[in-house]
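Only one structure is covered here, and it is reproduced in the block below.
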Amino acid sequence: MTDCLFCKMAAGEIKPDVVYEDERLLGFRDIHPQAPLHVLIIPKRHVANLNDLEDSLLGGWMLQAAAKIAAQLGYAETGYRTVINCNDDGGQTVHHLHLHLLAGRPMTWPPG
Ligand code: AMP
Ligand code: ZN
């Protein structure tokens with residue numbers, strides 16, 4: 001999608017602070033971090049949101065990438081949270097599917 005911020009990152013037109021990359025996914029630091037570690041994991045191909053995720057393997061790869069990044073950066077044992085916001089009530093502001101990986105502080109429940 002030409003007008004999509006995260007597609008531009010996947011295409012290398014905008015350079016985020018990348019912490020993970022494979023053939024399908026890109027993981028980069030959130031520009032407004034909500035925890036000491038706040039990474040966004042996106043599919044390189046455009047999927048607008050979780051409603052449009054037809055490829056169940058892609059969802060699994062995104063979750064596995066989150067666990068890998070957390071382990072590599074030393075948060076596997078202390079713990080972390082993964083979040084996918086979908087559409088308005090979910091709080092989605094960028095309409096390219098992304099998984100938030102948050103770590104480095106105790107999380108509260110329920111989320112706001
Ligand atoms: P969401 O509200 O779930 O759609 O999350 C979108 C996330 O993208 C927010 O946490 C933003 O801080 C983050 N974000 C927006 N623009 C950028 C950017 N240029 N680089 C990194 N993260 C961004
Ligand atoms: Zn996109």
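Ligands are numbered from 1 in the order shown, residues from 1 within each chain, and chains are lettered A, B, ... in the order they appear in the structure tokens.
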
May I have a table of the residues of chain A lying at most 10 Å from ligand 1, giving each one's closest pair of atoms and their distance in Å to one decimal, counting only C-alpha atoms and all ligand atoms, ordered by chain and ascending residue number, as JSON lines?
```
{"residue": "A:Leu5", "atom": "CA", "partner": "ligand 1", "partner_atom_place_in_ligand_line": "19 (N)", "distance": 7.1}
{"residue": "A:Phe6", "atom": "CA", "partner": "ligand 1", "partner_atom_place_in_ligand_line": "18 (C)", "distance": 8.0}
{"residue": "A:Lys8", "atom": "CA", "partner": "ligand 1", "partner_atom_place_in_ligand_line": "19 (N)", "distance": 9.9}
{"residue": "A:Met9", "atom": "CA", "partner": "ligand 1", "partner_atom_place_in_ligand_line": "19 (N)", "distance": 8.5}
{"residue": "A:Ile14", "atom": "CA", "partner": "ligand 1", "partner_atom_place_in_ligand_line": "19 (N)", "distance": 8.0}
{"residue": "A:Lys15", "atom": "CA", "partner": "ligand 1", "partner_atom_place_in_ligand_line": "20 (N)", "distance": 8.5}
{"residue": "A:Pro16", "atom": "CA", "partner": "ligand 1", "partner_atom_place_in_ligand_line": "20 (N)", "distance": 5.7}
{"residue": "A:Asp17", "atom": "CA", "partner": "ligand 1", "partner_atom_place_in_ligand_line": "21 (C)", "distance": 7.7}
{"residue": "A:Val18", "atom": "CA", "partner": "ligand 1", "partner_atom_place_in_ligand_line": "21 (C)", "distance": 9.6}
{"residue": "A:Gly27", "atom": "CA", "partner": "ligand 1", "partner_atom_place_in_ligand_line": "21 (C)", "distance": 9.9}
{"residue": "A:Phe28", "atom": "CA", "partner": "ligand 1", "partner_atom_place_in_ligand_line": "21 (C)", "distance": 7.0}
{"residue": "A:Arg29", "atom": "CA", "partner": "ligand 1", "partner_atom_place_in_ligand_line": "21 (C)", "distance": 6.0}
{"residue": "A:Asp30", "atom": "CA", "partner": "ligand 1", "partner_atom_place_in_ligand_line": "22 (N)", "distance": 3.8}
{"residue": "A:Ile31", "atom": "CA", "partner": "ligand 1", "partner_atom_place_in_ligand_line": "21 (C)", "distance": 4.0}
{"residue": "A:His32", "atom": "CA", "partner": "ligand 1", "partner_atom_place_in_ligand_line": "12 (O)", "distance": 4.3}
{"residue": "A:Pro33", "atom": "CA", "partner": "ligand 1", "partner_atom_place_in_ligand_line": "12 (O)", "distance": 6.6}
{"residue": "A:Gln34", "atom": "CA", "partner": "ligand 1", "partner_atom_place_in_ligand_line": "10 (O)", "distance": 7.7}
{"residue": "A:His38", "atom": "CA", "partner": "ligand 1", "partner_atom_place_in_ligand_line": "10 (O)", "distance": 8.2}
{"residue": "A:Val39", "atom": "CA", "partner": "ligand 1", "partner_atom_place_in_ligand_line": "22 (N)", "distance": 8.3}
{"residue": "A:Leu40", "atom": "CA", "partner": "ligand 1", "partner_atom_place_in_ligand_line": "22 (N)", "distance": 7.2}
{"residue": "A:Asn49", "atom": "CA", "partner": "ligand 1", "partner_atom_place_in_ligand_line": "4 (O)", "distance": 9.2}
{"residue": "A:Val83", "atom": "CA", "partner": "ligand 1", "partner_atom_place_in_ligand_line": "3 (O)", "distance": 7.9}
{"residue": "A:Ile84", "atom": "CA", "partner": "ligand 1", "partner_atom_place_in_ligand_line": "3 (O)", "distance": 6.3}
{"residue": "A:Asn85", "atom": "CA", "partner": "ligand 1", "partner_atom_place_in_ligand_line": "3 (O)", "distance": 4.7}
{"residue": "A:Cys86", "atom": "CA", "partner": "ligand 1", "partner_atom_place_in_ligand_line": "3 (O)", "distance": 7.3}
{"residue": "A:Asn87", "atom": "CA", "partner": "ligand 1", "partner_atom_place_in_ligand_line": "4 (O)", "distance": 8.2}
{"residue": "A:Asp88", "atom": "CA", "partner": "ligand 1", "partner_atom_place_in_ligand_line": "2 (O)", "distance": 9.2}
{"residue": "A:Gly90", "atom": "CA", "partner": "ligand 1", "partner_atom_place_in_ligand_line": "3 (O)", "distance": 7.7}
{"residue": "A:Gly91", "atom": "CA", "partner": "ligand 1", "partner_atom_place_in_ligand_line": "2 (O)", "distance": 5.3}
{"residue": "A:Gln92", "atom": "CA", "partner": "ligand 1", "partner_atom_place_in_ligand_line": "4 (O)", "distance": 3.6}
{"residue": "A:Thr93", "atom": "CA", "partner": "ligand 1", "partner_atom_place_in_ligand_line": "4 (O)", "distance": 3.6}
{"residue": "A:Val94", "atom": "CA", "partner": "ligand 1", "partner_atom_place_in_ligand_line": "4 (O)", "distance": 4.0}
{"residue": "A:His95", "atom": "CA", "partner": "ligand 1", "partner_atom_place_in_ligand_line": "4 (O)", "distance": 6.4}
{"residue": "A:His96", "atom": "CA", "partner": "ligand 1", "partner_atom_place_in_ligand_line": "4 (O)", "distance": 7.8}
{"residue": "A:Leu97", "atom": "CA", "partner": "ligand 1", "partner_atom_place_in_ligand_line": "4 (O)", "distance": 8.0}
{"residue": "A:His98", "atom": "CA", "partner": "ligand 1", "partner_atom_place_in_ligand_line": "3 (O)", "distance": 6.9}
{"residue": "A:Leu99", "atom": "CA", "partner": "ligand 1", "partner_atom_place_in_ligand_line": "3 (O)", "distance": 7.7}
{"residue": "A:His100", "atom": "CA", "partner": "ligand 1", "partner_atom_place_in_ligand_line": "3 (O)", "distance": 7.2}
```

Counting only C-alpha atoms, the residue of A:Pro36, A:Leu25, A:Lys44, A:Ala67 that sits nearest A:Met1: A:Lys44

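Nearest residue to ligand 2 among A:Asp22, A:Ala48, A:Gly12, A:Ala65 is A:Ala48, counting only C-alpha atoms and all ligand atoms.
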
Among listed residues A:Leu53, A:Ala35, A:Ile42, A:Leu102, nearest A:Ala70 (using only C-alpha atoms): A:Leu102

Selected residue of minimal separation from A:Cys7 among A:Val19, A:Val47, A:Met107, A:Glu77, counting only C-alpha atoms: A:Val47

Minimum-distance residue to ligand 2, chosen among A:Leu26, A:Ala11, A:Leu73, A:Arg45 (using only C-alpha atoms and all ligand atoms):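 Smallest distance to ligand 2 is found for A:Arg45.
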
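The residue that comes closest to ligand 2, out of A:Leu101, A:Leu57, A:Leu63, A:Ala10 and on the basis of only C-alpha atoms and all ligand atoms, is A:Ala10.
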
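Atom pair atom CA of A:Gly79 / atom CA of A:Thr108: separated by 12.7 Å.
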
Filtered DSSP result for stretch 18-111 of chain A, state strand (DSSP E), as a list of chain:residue names: A:Val18, A:Val19, A:Tyr20, A:Glu21, A:Leu25, A:Leu26, A:Gly27, A:Phe28, A:Arg29, A:Leu37, A:His38, A:Val39, A:Leu40, A:Ile41, A:Ile42, A:Pro43, A:Tyr80, A:Arg81, A:Thr82, A:Val83, A:Leu99, A:His100, A:Leu101, A:Leu102, A:Ala103

Atom CA of A:Met62 to atom 1 (Zn, counted along the ligand's line) of ligand 2, straight-line distance in Å: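 Rounded to one decimal, the two atoms are 15.4 Å apart.
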
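Separating atom CA of A:Tyr20 from atom CA of A:Lys68 is a distance of 9.0 Å.
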